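Asker: Sharing protein-v8.cif here; it has mmCIF, N, CA and C atoms.
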```cif
data_run
loop_
_atom_site.label_atom_id
_atom_site.label_comp_id
_atom_site.auth_asym_id
_atom_site.auth_seq_id
_atom_site.Cartn_x
_atom_site.Cartn_y
_atom_site.Cartn_z
N MET A 241 -98.97 6.56 32.51
CA MET A 241 -98.51 5.44 33.32
C MET A 241 -97.22 4.84 32.75
N ARG A 242 -97.21 4.65 31.44
CA ARG A 242 -96.06 4.04 30.80
C ARG A 242 -94.83 4.95 30.92
N GLU A 243 -95.04 6.27 30.82
CA GLU A 243 -93.93 7.20 30.93
C GLU A 243 -93.32 7.14 32.34
N TYR A 244 -94.17 7.05 33.35
CA TYR A 244 -93.68 6.92 34.72
C TYR A 244 -92.86 5.65 34.88
N ARG A 245 -93.32 4.58 34.28
CA ARG A 245 -92.60 3.30 34.37
C ARG A 245 -91.21 3.42 33.74
N ASN A 246 -91.13 4.07 32.58
CA ASN A 246 -89.84 4.26 31.91
C ASN A 246 -88.89 5.09 32.78
N LEU A 247 -89.42 6.15 33.39
CA LEU A 247 -88.59 6.98 34.26
C LEU A 247 -88.10 6.19 35.47
N LYS A 248 -88.96 5.37 36.02
CA LYS A 248 -88.59 4.55 37.18
C LYS A 248 -87.51 3.53 36.79
N ILE A 249 -87.70 2.87 35.66
CA ILE A 249 -86.71 1.89 35.20
C ILE A 249 -85.38 2.58 34.91
N ALA A 250 -85.42 3.77 34.30
CA ALA A 250 -84.19 4.52 34.01
C ALA A 250 -83.46 4.86 35.31
N SER A 251 -84.20 5.25 36.32
CA SER A 251 -83.61 5.59 37.61
C SER A 251 -82.96 4.37 38.27
N VAL A 252 -83.64 3.25 38.20
CA VAL A 252 -83.10 2.01 38.79
C VAL A 252 -81.86 1.56 38.02
N ILE A 253 -81.89 1.66 36.69
CA ILE A 253 -80.73 1.29 35.88
C ILE A 253 -79.55 2.19 36.22
N GLN A 254 -79.79 3.49 36.38
CA GLN A 254 -78.71 4.42 36.69
C GLN A 254 -78.04 4.06 38.01
N ALA A 255 -78.83 3.78 39.03
CA ALA A 255 -78.26 3.43 40.33
C ALA A 255 -77.53 2.09 40.28
N ALA A 256 -78.16 1.09 39.67
CA ALA A 256 -77.55 -0.24 39.61
C ALA A 256 -76.28 -0.23 38.77
N LEU A 257 -76.30 0.48 37.65
CA LEU A 257 -75.13 0.53 36.78
C LEU A 257 -73.97 1.24 37.46
N GLY A 258 -74.26 2.27 38.23
CA GLY A 258 -73.22 2.95 38.99
C GLY A 258 -72.53 1.99 39.95
N GLN A 259 -73.31 1.15 40.63
CA GLN A 259 -72.75 0.17 41.55
C GLN A 259 -71.93 -0.88 40.82
N VAL A 260 -72.44 -1.34 39.68
CA VAL A 260 -71.73 -2.36 38.89
C VAL A 260 -70.39 -1.81 38.40
N LEU A 261 -70.38 -0.57 37.92
CA LEU A 261 -69.13 0.02 37.43
C LEU A 261 -68.10 0.15 38.54
N ILE A 262 -68.55 0.51 39.72
CA ILE A 262 -67.62 0.63 40.85
C ILE A 262 -67.08 -0.73 41.26
N ARG A 263 -67.96 -1.72 41.33
CA ARG A 263 -67.59 -3.04 41.85
C ARG A 263 -66.83 -3.90 40.84
N ASP A 264 -67.23 -3.87 39.57
CA ASP A 264 -66.72 -4.85 38.61
C ASP A 264 -65.76 -4.30 37.55
N PHE A 265 -65.57 -3.00 37.50
CA PHE A 265 -64.68 -2.43 36.49
C PHE A 265 -63.63 -1.58 37.17
N ASP A 266 -62.41 -1.65 36.64
CA ASP A 266 -61.31 -0.88 37.20
C ASP A 266 -60.66 -0.08 36.09
N PHE A 267 -61.05 1.18 35.99
CA PHE A 267 -60.41 2.09 35.05
C PHE A 267 -59.41 2.89 35.86
N GLU A 268 -58.15 2.50 35.77
CA GLU A 268 -57.12 3.12 36.61
C GLU A 268 -56.95 4.59 36.28
N GLY A 269 -57.04 5.41 37.32
CA GLY A 269 -56.84 6.84 37.16
C GLY A 269 -57.97 7.55 36.45
N VAL A 270 -59.12 6.89 36.32
CA VAL A 270 -60.25 7.47 35.59
C VAL A 270 -61.48 7.43 36.49
N VAL A 271 -62.24 8.52 36.49
CA VAL A 271 -63.51 8.58 37.22
C VAL A 271 -64.62 8.49 36.19
N VAL A 272 -65.49 7.49 36.34
CA VAL A 272 -66.62 7.30 35.42
C VAL A 272 -67.91 7.48 36.22
N THR A 273 -68.78 8.37 35.71
CA THR A 273 -70.04 8.66 36.37
C THR A 273 -71.19 8.45 35.40
N VAL A 274 -72.25 7.79 35.85
CA VAL A 274 -73.45 7.62 35.04
C VAL A 274 -74.30 8.87 35.25
N LEU A 275 -74.38 9.72 34.22
CA LEU A 275 -75.09 10.99 34.34
C LEU A 275 -76.55 10.89 33.93
N THR A 276 -76.82 10.21 32.82
CA THR A 276 -78.19 10.12 32.32
C THR A 276 -78.48 8.71 31.83
N VAL A 277 -79.74 8.34 31.90
CA VAL A 277 -80.22 7.09 31.31
C VAL A 277 -81.54 7.40 30.63
N GLU A 278 -81.61 7.12 29.33
CA GLU A 278 -82.84 7.30 28.56
C GLU A 278 -83.27 5.93 28.05
N VAL A 279 -84.45 5.50 28.48
CA VAL A 279 -84.98 4.19 28.08
C VAL A 279 -86.01 4.41 26.98
N SER A 280 -85.92 3.61 25.92
CA SER A 280 -86.88 3.71 24.82
C SER A 280 -88.27 3.30 25.32
N PRO A 281 -89.33 3.78 24.66
CA PRO A 281 -90.70 3.45 25.10
C PRO A 281 -90.98 1.95 25.14
N ASP A 282 -90.34 1.18 24.26
CA ASP A 282 -90.57 -0.27 24.24
C ASP A 282 -89.62 -1.03 25.18
N LEU A 283 -88.78 -0.30 25.91
CA LEU A 283 -87.84 -0.86 26.90
C LEU A 283 -86.79 -1.78 26.29
N LEU A 284 -86.55 -1.66 24.99
CA LEU A 284 -85.56 -2.52 24.34
C LEU A 284 -84.17 -1.90 24.31
N GLN A 285 -84.07 -0.58 24.50
CA GLN A 285 -82.77 0.07 24.43
C GLN A 285 -82.67 1.14 25.50
N ALA A 286 -81.47 1.27 26.06
CA ALA A 286 -81.20 2.32 27.04
C ALA A 286 -79.91 3.03 26.64
N LYS A 287 -80.00 4.34 26.46
CA LYS A 287 -78.82 5.15 26.17
C LYS A 287 -78.28 5.65 27.50
N ILE A 288 -77.02 5.33 27.76
CA ILE A 288 -76.38 5.68 29.01
C ILE A 288 -75.41 6.82 28.75
N GLY A 289 -75.67 7.97 29.37
CA GLY A 289 -74.78 9.12 29.24
C GLY A 289 -73.75 9.10 30.36
N LEU A 290 -72.49 9.12 29.98
CA LEU A 290 -71.40 9.02 30.95
C LEU A 290 -70.63 10.32 31.07
N GLY A 291 -70.10 10.55 32.24
CA GLY A 291 -69.11 11.59 32.47
C GLY A 291 -67.80 10.91 32.79
N VAL A 292 -66.74 11.29 32.10
CA VAL A 292 -65.44 10.64 32.27
C VAL A 292 -64.38 11.71 32.54
N LEU A 293 -63.63 11.53 33.60
CA LEU A 293 -62.49 12.39 33.91
C LEU A 293 -61.26 11.53 34.06
N PRO A 294 -60.16 11.82 33.49
CA PRO A 294 -59.89 12.95 32.60
C PRO A 294 -60.54 12.75 31.23
N ARG A 295 -60.85 13.85 30.59
CA ARG A 295 -61.57 13.82 29.32
C ARG A 295 -60.80 13.11 28.21
N GLU A 296 -59.49 13.02 28.33
CA GLU A 296 -58.69 12.34 27.31
C GLU A 296 -59.01 10.85 27.24
N LYS A 297 -59.58 10.29 28.29
CA LYS A 297 -59.87 8.86 28.35
C LYS A 297 -61.31 8.52 27.94
N GLU A 298 -62.10 9.52 27.52
CA GLU A 298 -63.50 9.29 27.19
C GLU A 298 -63.69 8.20 26.15
N LEU A 299 -62.99 8.31 25.04
CA LEU A 299 -63.14 7.35 23.95
C LEU A 299 -62.77 5.94 24.41
N GLU A 300 -61.70 5.83 25.15
CA GLU A 300 -61.24 4.52 25.66
C GLU A 300 -62.29 3.87 26.56
N VAL A 301 -62.88 4.65 27.47
CA VAL A 301 -63.87 4.12 28.40
C VAL A 301 -65.15 3.72 27.67
N VAL A 302 -65.64 4.59 26.79
CA VAL A 302 -66.88 4.29 26.06
C VAL A 302 -66.70 3.06 25.17
N THR A 303 -65.56 2.94 24.52
CA THR A 303 -65.28 1.77 23.69
C THR A 303 -65.25 0.50 24.53
N ALA A 304 -64.61 0.56 25.69
CA ALA A 304 -64.53 -0.61 26.56
C ALA A 304 -65.92 -1.02 27.06
N LEU A 305 -66.73 -0.06 27.46
CA LEU A 305 -68.06 -0.38 27.97
C LEU A 305 -68.99 -0.88 26.88
N ASN A 306 -68.94 -0.27 25.70
CA ASN A 306 -69.76 -0.76 24.59
C ASN A 306 -69.32 -2.16 24.17
N GLY A 307 -68.04 -2.46 24.31
CA GLY A 307 -67.54 -3.79 23.97
C GLY A 307 -67.96 -4.86 24.97
N SER A 308 -68.25 -4.45 26.18
CA SER A 308 -68.65 -5.44 27.20
C SER A 308 -70.09 -5.21 27.65
N HIS A 309 -70.93 -4.70 26.75
CA HIS A 309 -72.31 -4.40 27.14
C HIS A 309 -73.10 -5.65 27.48
N ARG A 310 -72.80 -6.80 26.87
CA ARG A 310 -73.53 -8.03 27.21
C ARG A 310 -73.27 -8.44 28.66
N ARG A 311 -72.03 -8.34 29.08
CA ARG A 311 -71.68 -8.65 30.47
C ARG A 311 -72.40 -7.69 31.42
N LEU A 312 -72.42 -6.41 31.07
CA LEU A 312 -73.11 -5.43 31.90
C LEU A 312 -74.61 -5.69 31.97
N GLU A 313 -75.20 -6.08 30.84
CA GLU A 313 -76.63 -6.40 30.83
C GLU A 313 -76.92 -7.58 31.76
N HIS A 314 -76.04 -8.58 31.72
CA HIS A 314 -76.20 -9.74 32.60
C HIS A 314 -76.10 -9.34 34.07
N LEU A 315 -75.12 -8.52 34.40
CA LEU A 315 -74.96 -8.06 35.78
C LEU A 315 -76.16 -7.24 36.24
N LEU A 316 -76.70 -6.43 35.33
CA LEU A 316 -77.89 -5.64 35.68
C LEU A 316 -79.10 -6.54 35.92
N LEU A 317 -79.25 -7.56 35.08
CA LEU A 317 -80.37 -8.50 35.26
C LEU A 317 -80.31 -9.14 36.64
N LYS A 318 -79.12 -9.55 37.05
CA LYS A 318 -78.97 -10.18 38.35
C LYS A 318 -79.29 -9.21 39.49
N GLN A 319 -78.84 -7.98 39.34
CA GLN A 319 -79.01 -7.02 40.42
C GLN A 319 -80.44 -6.46 40.47
N MET A 320 -81.06 -6.25 39.32
CA MET A 320 -82.38 -5.61 39.28
C MET A 320 -83.53 -6.59 39.37
N ARG A 321 -83.28 -7.85 39.10
CA ARG A 321 -84.32 -8.88 39.12
C ARG A 321 -85.47 -8.55 38.17
N ILE A 322 -85.11 -8.27 36.93
CA ILE A 322 -86.11 -8.07 35.89
C ILE A 322 -85.93 -9.15 34.84
N ARG A 323 -86.95 -9.35 34.04
CA ARG A 323 -86.91 -10.42 33.05
C ARG A 323 -85.96 -10.12 31.90
N ASN A 324 -86.12 -8.96 31.31
CA ASN A 324 -85.30 -8.59 30.15
C ASN A 324 -84.58 -7.29 30.42
N SER A 325 -83.31 -7.28 30.11
CA SER A 325 -82.53 -6.06 30.24
C SER A 325 -82.51 -5.35 28.91
N PRO A 326 -82.68 -4.03 28.89
CA PRO A 326 -82.57 -3.31 27.63
C PRO A 326 -81.15 -3.37 27.08
N ASN A 327 -81.02 -3.25 25.78
CA ASN A 327 -79.72 -3.19 25.13
C ASN A 327 -79.06 -1.87 25.54
N LEU A 328 -77.87 -1.94 26.12
CA LEU A 328 -77.19 -0.75 26.62
C LEU A 328 -76.30 -0.15 25.55
N VAL A 329 -76.42 1.17 25.37
CA VAL A 329 -75.57 1.92 24.44
C VAL A 329 -74.95 3.05 25.25
N PHE A 330 -73.63 3.07 25.30
CA PHE A 330 -72.93 4.08 26.09
C PHE A 330 -72.46 5.22 25.21
N GLU A 331 -72.60 6.44 25.73
CA GLU A 331 -72.15 7.63 25.02
C GLU A 331 -71.71 8.66 26.06
N ILE A 332 -70.98 9.66 25.59
CA ILE A 332 -70.51 10.72 26.48
C ILE A 332 -71.59 11.80 26.57
N SER A 333 -71.93 12.19 27.79
CA SER A 333 -72.88 13.30 27.98
C SER A 333 -72.14 14.61 27.86
N ALA A 334 -72.80 15.57 27.26
CA ALA A 334 -72.17 16.88 27.08
C ALA A 334 -72.29 17.72 28.33
#
```
Show how you would write the structure in this file as structure tokens.
Answerer:
Amino acid sequence: MREYRNLKIASVIQAALGQVLIRDFDFEGVVVTVLTVEVSPDLLQAKIGLGVLPREKELEVVTALNGSHRRLEHLLLKQMRIRNSPNLVFEISA
């Protein structure tokens, strides 16, 4: 049951985060895609796997998103209507 809940929360985070990135962030000339979301069993942390094109901008995008993770967590809370948002950690998916 708990595993299903984590998968469901990961799916909802992936969809909501994709919308937030489109609406609230402007990476000029860069396409950012949320490829994977892995939520820890205790729901305290979520690893977000990103796809970034062009690949030369990967480090810049990940650094910017990790730097503004508190703002993103707040936006997710508003959109998802959950009590606590997991701590977001962004990384590049292979």
Asker: I'd like the residues picked by the PyMOL selection byres ((chain A and resi 249-253) around 8) written out as a PDB file with N, CA and C atoms, in the coordinates of the input, using the chain letters and numbers from the file.
Answerer:
```pdb
ATOM      1  N   GLU A 243     -95.040   6.270  30.820  1.00  0.00           N
ATOM      2  CA  GLU A 243     -93.930   7.200  30.930  1.00  0.00           C
ATOM      3  C   GLU A 243     -93.320   7.140  32.340  1.00  0.00           C
ATOM      4  N   TYR A 244     -94.170   7.050  33.350  1.00  0.00           N
ATOM      5  CA  TYR A 244     -93.680   6.920  34.720  1.00  0.00           C
ATOM      6  C   TYR A 244     -92.860   5.650  34.880  1.00  0.00           C
ATOM      7  N   ARG A 245     -93.320   4.580  34.280  1.00  0.00           N
ATOM      8  CA  ARG A 245     -92.600   3.300  34.370  1.00  0.00           C
ATOM      9  C   ARG A 245     -91.210   3.420  33.740  1.00  0.00           C
ATOM     10  N   ASN A 246     -91.130   4.070  32.580  1.00  0.00           N
ATOM     11  CA  ASN A 246     -89.840   4.260  31.910  1.00  0.00           C
ATOM     12  C   ASN A 246     -88.890   5.090  32.780  1.00  0.00           C
ATOM     13  N   LEU A 247     -89.420   6.150  33.390  1.00  0.00           N
ATOM     14  CA  LEU A 247     -88.590   6.980  34.260  1.00  0.00           C
ATOM     15  C   LEU A 247     -88.100   6.190  35.470  1.00  0.00           C
ATOM     16  N   LYS A 248     -88.960   5.370  36.020  1.00  0.00           N
ATOM     17  CA  LYS A 248     -88.590   4.550  37.180  1.00  0.00           C
ATOM     18  C   LYS A 248     -87.510   3.530  36.790  1.00  0.00           C
ATOM     19  N   GLN A 254     -79.790   3.490  36.380  1.00  0.00           N
ATOM     20  CA  GLN A 254     -78.710   4.420  36.690  1.00  0.00           C
ATOM     21  C   GLN A 254     -78.040   4.060  38.010  1.00  0.00           C
ATOM     22  N   ALA A 255     -78.830   3.780  39.030  1.00  0.00           N
ATOM     23  CA  ALA A 255     -78.260   3.430  40.330  1.00  0.00           C
ATOM     24  C   ALA A 255     -77.530   2.090  40.280  1.00  0.00           C
ATOM     25  N   ALA A 256     -78.160   1.090  39.670  1.00  0.00           N
ATOM     26  CA  ALA A 256     -77.550  -0.240  39.610  1.00  0.00           C
ATOM     27  C   ALA A 256     -76.280  -0.230  38.770  1.00  0.00           C
ATOM     28  N   LEU A 257     -76.300   0.480  37.650  1.00  0.00           N
ATOM     29  CA  LEU A 257     -75.130   0.530  36.780  1.00  0.00           C
ATOM     30  C   LEU A 257     -73.970   1.240  37.460  1.00  0.00           C
ATOM     31  N   GLY A 258     -74.260   2.270  38.230  1.00  0.00           N
ATOM     32  CA  GLY A 258     -73.220   2.950  38.990  1.00  0.00           C
ATOM     33  C   GLY A 258     -72.530   1.990  39.950  1.00  0.00           C
ATOM     34  N   GLN A 259     -73.310   1.150  40.630  1.00  0.00           N
ATOM     35  CA  GLN A 259     -72.750   0.170  41.550  1.00  0.00           C
ATOM     36  C   GLN A 259     -71.930  -0.880  40.820  1.00  0.00           C
ATOM     37  N   THR A 276     -76.820  10.210  32.820  1.00  0.00           N
ATOM     38  CA  THR A 276     -78.190  10.120  32.320  1.00  0.00           C
ATOM     39  C   THR A 276     -78.480   8.710  31.830  1.00  0.00           C
ATOM     40  N   VAL A 277     -79.740   8.340  31.900  1.00  0.00           N
ATOM     41  CA  VAL A 277     -80.220   7.090  31.310  1.00  0.00           C
ATOM     42  C   VAL A 277     -81.540   7.400  30.630  1.00  0.00           C
ATOM     43  N   GLU A 278     -81.610   7.120  29.330  1.00  0.00           N
ATOM     44  CA  GLU A 278     -82.840   7.300  28.560  1.00  0.00           C
ATOM     45  C   GLU A 278     -83.270   5.930  28.050  1.00  0.00           C
ATOM     46  N   VAL A 279     -84.450   5.500  28.480  1.00  0.00           N
ATOM     47  CA  VAL A 279     -84.980   4.190  28.080  1.00  0.00           C
ATOM     48  C   VAL A 279     -86.010   4.410  26.980  1.00  0.00           C
ATOM     49  N   ALA A 286     -81.470   1.270  26.060  1.00  0.00           N
ATOM     50  CA  ALA A 286     -81.200   2.320  27.040  1.00  0.00           C
ATOM     51  C   ALA A 286     -79.910   3.030  26.640  1.00  0.00           C
ATOM     52  N   LEU A 316     -76.700  -6.430  35.330  1.00  0.00           N
ATOM     53  CA  LEU A 316     -77.890  -5.640  35.680  1.00  0.00           C
ATOM     54  C   LEU A 316     -79.100  -6.540  35.920  1.00  0.00           C
ATOM     55  N   MET A 320     -81.060  -6.250  39.320  1.00  0.00           N
ATOM     56  CA  MET A 320     -82.380  -5.610  39.280  1.00  0.00           C
ATOM     57  C   MET A 320     -83.530  -6.590  39.370  1.00  0.00           C
TER      58      MET A 320
END
```
Asker: Hey, which of A:Ile332, A:Val270, A:Leu275, A:Leu317 ends up closest to A:Thr303? Count only C-alpha atoms.
Answerer: A:Ile332
Asker: So what do you get for atom N of A:Met241 versus atom CA of A:Val329, distance-wise?
Answerer: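 Distance reported for this atom pair: 25.2 Å.
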Asker: Please identify all polymer residues within 7 Å of A:Glu331, counting all atoms listed in the file, omitting same-chain residues fewer than 4 positions from it, and present them as a short mmCIF file (atom, residue, chain, number, x, y, z; two decimals) with N, CA and C atoms, in the frame of the given file.
Answerer:
```
data_model
loop_
_atom_site.label_atom_id
_atom_site.label_comp_id
_atom_site.auth_asym_id
_atom_site.auth_seq_id
_atom_site.Cartn_x
_atom_site.Cartn_y
_atom_site.Cartn_z
N LYS A 287 -80.00 4.34 26.46
CA LYS A 287 -78.82 5.15 26.17
C LYS A 287 -78.28 5.65 27.50
N ILE A 288 -77.02 5.33 27.76
CA ILE A 288 -76.38 5.68 29.01
C ILE A 288 -75.41 6.82 28.75
N GLY A 289 -75.67 7.97 29.37
CA GLY A 289 -74.78 9.12 29.24
C GLY A 289 -73.75 9.10 30.36
N LEU A 290 -72.49 9.12 29.98
CA LEU A 290 -71.40 9.02 30.95
C LEU A 290 -70.63 10.32 31.07
N GLY A 291 -70.10 10.55 32.24
CA GLY A 291 -69.11 11.59 32.47
C GLY A 291 -67.80 10.91 32.79
N VAL A 302 -65.64 4.59 26.79
CA VAL A 302 -66.88 4.29 26.06
C VAL A 302 -66.70 3.06 25.17
#
```
Asker: Just the strand (DSSP E or B) stuff from stretch 304-333 of chain A, please, per backbone DSSP, written as a list of chain:residue names.
Answerer: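 Here are the strand (DSSP E or B) residues of stretch 304-333 of chain A: A:Asn327, A:Leu328, A:Val329, A:Phe330, A:Glu331, A:Ile332.
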Asker: Selection from above, N, CA and C atoms, as a short mmCIF file (atom, residue, chain, number, x, y, z; two decimals), keeping the file's coordinate frame, can you write it?
Answerer:
```
data_model
loop_
_atom_site.label_atom_id
_atom_site.label_comp_id
_atom_site.auth_asym_id
_atom_site.auth_seq_id
_atom_site.Cartn_x
_atom_site.Cartn_y
_atom_site.Cartn_z
N ASN A 327 -81.02 -3.25 25.78
CA ASN A 327 -79.72 -3.19 25.13
C ASN A 327 -79.06 -1.87 25.54
N LEU A 328 -77.87 -1.94 26.12
CA LEU A 328 -77.19 -0.75 26.62
C LEU A 328 -76.30 -0.15 25.55
N VAL A 329 -76.42 1.17 25.37
CA VAL A 329 -75.57 1.92 24.44
C VAL A 329 -74.95 3.05 25.25
N PHE A 330 -73.63 3.07 25.30
CA PHE A 330 -72.93 4.08 26.09
C PHE A 330 -72.46 5.22 25.21
N GLU A 331 -72.60 6.44 25.73
CA GLU A 331 -72.15 7.63 25.02
C GLU A 331 -71.71 8.66 26.06
N ILE A 332 -70.98 9.66 25.59
CA ILE A 332 -70.51 10.72 26.48
C ILE A 332 -71.59 11.80 26.57
#
```
Asker: Smallest atom-to-atom distance to A:Glu298: which of A:Asp264, A:Ser333, A:His314, A:Asn327, using only C-alpha atoms?
Answerer: A:Ser333
Asker: What's the separation between atom C of A:Glu268 and atom CA of A:Pro326, in Å to one decimal place?
Answerer: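 These atoms are spaced 28.2 Å apart.
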Asker: Find the distance between atom CA of A:Lys318 and atom CA of A:Gly269 and write it in Å to one decimal.
Answerer: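 Computed distance, atom CA of A:Lys318 to atom CA of A:Gly269, equals 27.9 Å.
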Asker: Here is a test: counting only N, CA and C atoms, which residue of A:Leu293, A:Arg310, A:Leu283, A:Leu299 is nearest to A:Asn324?
Answerer: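 Of A:Leu293, A:Arg310, A:Leu283, A:Leu299, the one nearest A:Asn324, counting only N, CA and C atoms, is A:Leu283.
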Asker: Can you pull out every residue from stretch 242-277 of chain A that DSSP, working from the backbone, puts in helix (DSSP H, G or I), and format the result as a PyMOL selection string?
Answerer: chain A and resi 242-264
Asker: Write the residues of the preceding selection, restricted to N, CA and C atoms, as a CSV table (one decimal), in the coordinates of the input.
Answerer:
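Wrote result.csv, looks like this:
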```csv
chain,number,residue,atom,x,y,z
A,242,ARG,N,-97.2,4.6,31.4
A,242,ARG,CA,-96.1,4.0,30.8
A,242,ARG,C,-94.8,5.0,30.9
A,243,GLU,N,-95.0,6.3,30.8
A,243,GLU,CA,-93.9,7.2,30.9
A,243,GLU,C,-93.3,7.1,32.3
A,244,TYR,N,-94.2,7.0,33.4
A,244,TYR,CA,-93.7,6.9,34.7
A,244,TYR,C,-92.9,5.6,34.9
A,245,ARG,N,-93.3,4.6,34.3
A,245,ARG,CA,-92.6,3.3,34.4
A,245,ARG,C,-91.2,3.4,33.7
A,246,ASN,N,-91.1,4.1,32.6
A,246,ASN,CA,-89.8,4.3,31.9
A,246,ASN,C,-88.9,5.1,32.8
A,247,LEU,N,-89.4,6.2,33.4
A,247,LEU,CA,-88.6,7.0,34.3
A,247,LEU,C,-88.1,6.2,35.5
A,248,LYS,N,-89.0,5.4,36.0
A,248,LYS,CA,-88.6,4.6,37.2
A,248,LYS,C,-87.5,3.5,36.8
A,249,ILE,N,-87.7,2.9,35.7
A,249,ILE,CA,-86.7,1.9,35.2
A,249,ILE,C,-85.4,2.6,34.9
A,250,ALA,N,-85.4,3.8,34.3
A,250,ALA,CA,-84.2,4.5,34.0
A,250,ALA,C,-83.5,4.9,35.3
A,251,SER,N,-84.2,5.2,36.3
A,251,SER,CA,-83.6,5.6,37.6
A,251,SER,C,-83.0,4.4,38.3
A,252,VAL,N,-83.6,3.2,38.2
A,252,VAL,CA,-83.1,2.0,38.8
A,252,VAL,C,-81.9,1.6,38.0
A,253,ILE,N,-81.9,1.7,36.7
A,253,ILE,CA,-80.7,1.3,35.9
A,253,ILE,C,-79.6,2.2,36.2
A,254,GLN,N,-79.8,3.5,36.4
A,254,GLN,CA,-78.7,4.4,36.7
A,254,GLN,C,-78.0,4.1,38.0
A,255,ALA,N,-78.8,3.8,39.0
A,255,ALA,CA,-78.3,3.4,40.3
A,255,ALA,C,-77.5,2.1,40.3
A,256,ALA,N,-78.2,1.1,39.7
A,256,ALA,CA,-77.6,-0.2,39.6
A,256,ALA,C,-76.3,-0.2,38.8
A,257,LEU,N,-76.3,0.5,37.6
A,257,LEU,CA,-75.1,0.5,36.8
A,257,LEU,C,-74.0,1.2,37.5
A,258,GLY,N,-74.3,2.3,38.2
A,258,GLY,CA,-73.2,3.0,39.0
A,258,GLY,C,-72.5,2.0,40.0
A,259,GLN,N,-73.3,1.2,40.6
A,259,GLN,CA,-72.8,0.2,41.6
A,259,GLN,C,-71.9,-0.9,40.8
A,260,VAL,N,-72.4,-1.3,39.7
A,260,VAL,CA,-71.7,-2.4,38.9
A,260,VAL,C,-70.4,-1.8,38.4
A,261,LEU,N,-70.4,-0.6,37.9
A,261,LEU,CA,-69.1,0.0,37.4
A,261,LEU,C,-68.1,0.2,38.5
A,262,ILE,N,-68.6,0.5,39.7
A,262,ILE,CA,-67.6,0.6,40.8
A,262,ILE,C,-67.1,-0.7,41.3
A,263,ARG,N,-68.0,-1.7,41.3
A,263,ARG,CA,-67.6,-3.0,41.8
A,263,ARG,C,-66.8,-3.9,40.8
A,264,ASP,N,-67.2,-3.9,39.6
A,264,ASP,CA,-66.7,-4.8,38.6
A,264,ASP,C,-65.8,-4.3,37.6
```
Asker: Which of these, A:Leu328, A:Val271, A:Ile262, A:Ala334, has the shortest distance to A:Ser308 once you count only C-alpha atoms?
Answerer: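 Of the candidates, the smallest distance to A:Ser308 is held by A:Leu328.
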Asker: Return the single residue from A:Pro281, A:Phe267, A:Val260, A:Arg323 that is closest to A:His309, with distances computed using only C-alpha atoms.
Answerer: A:Val260
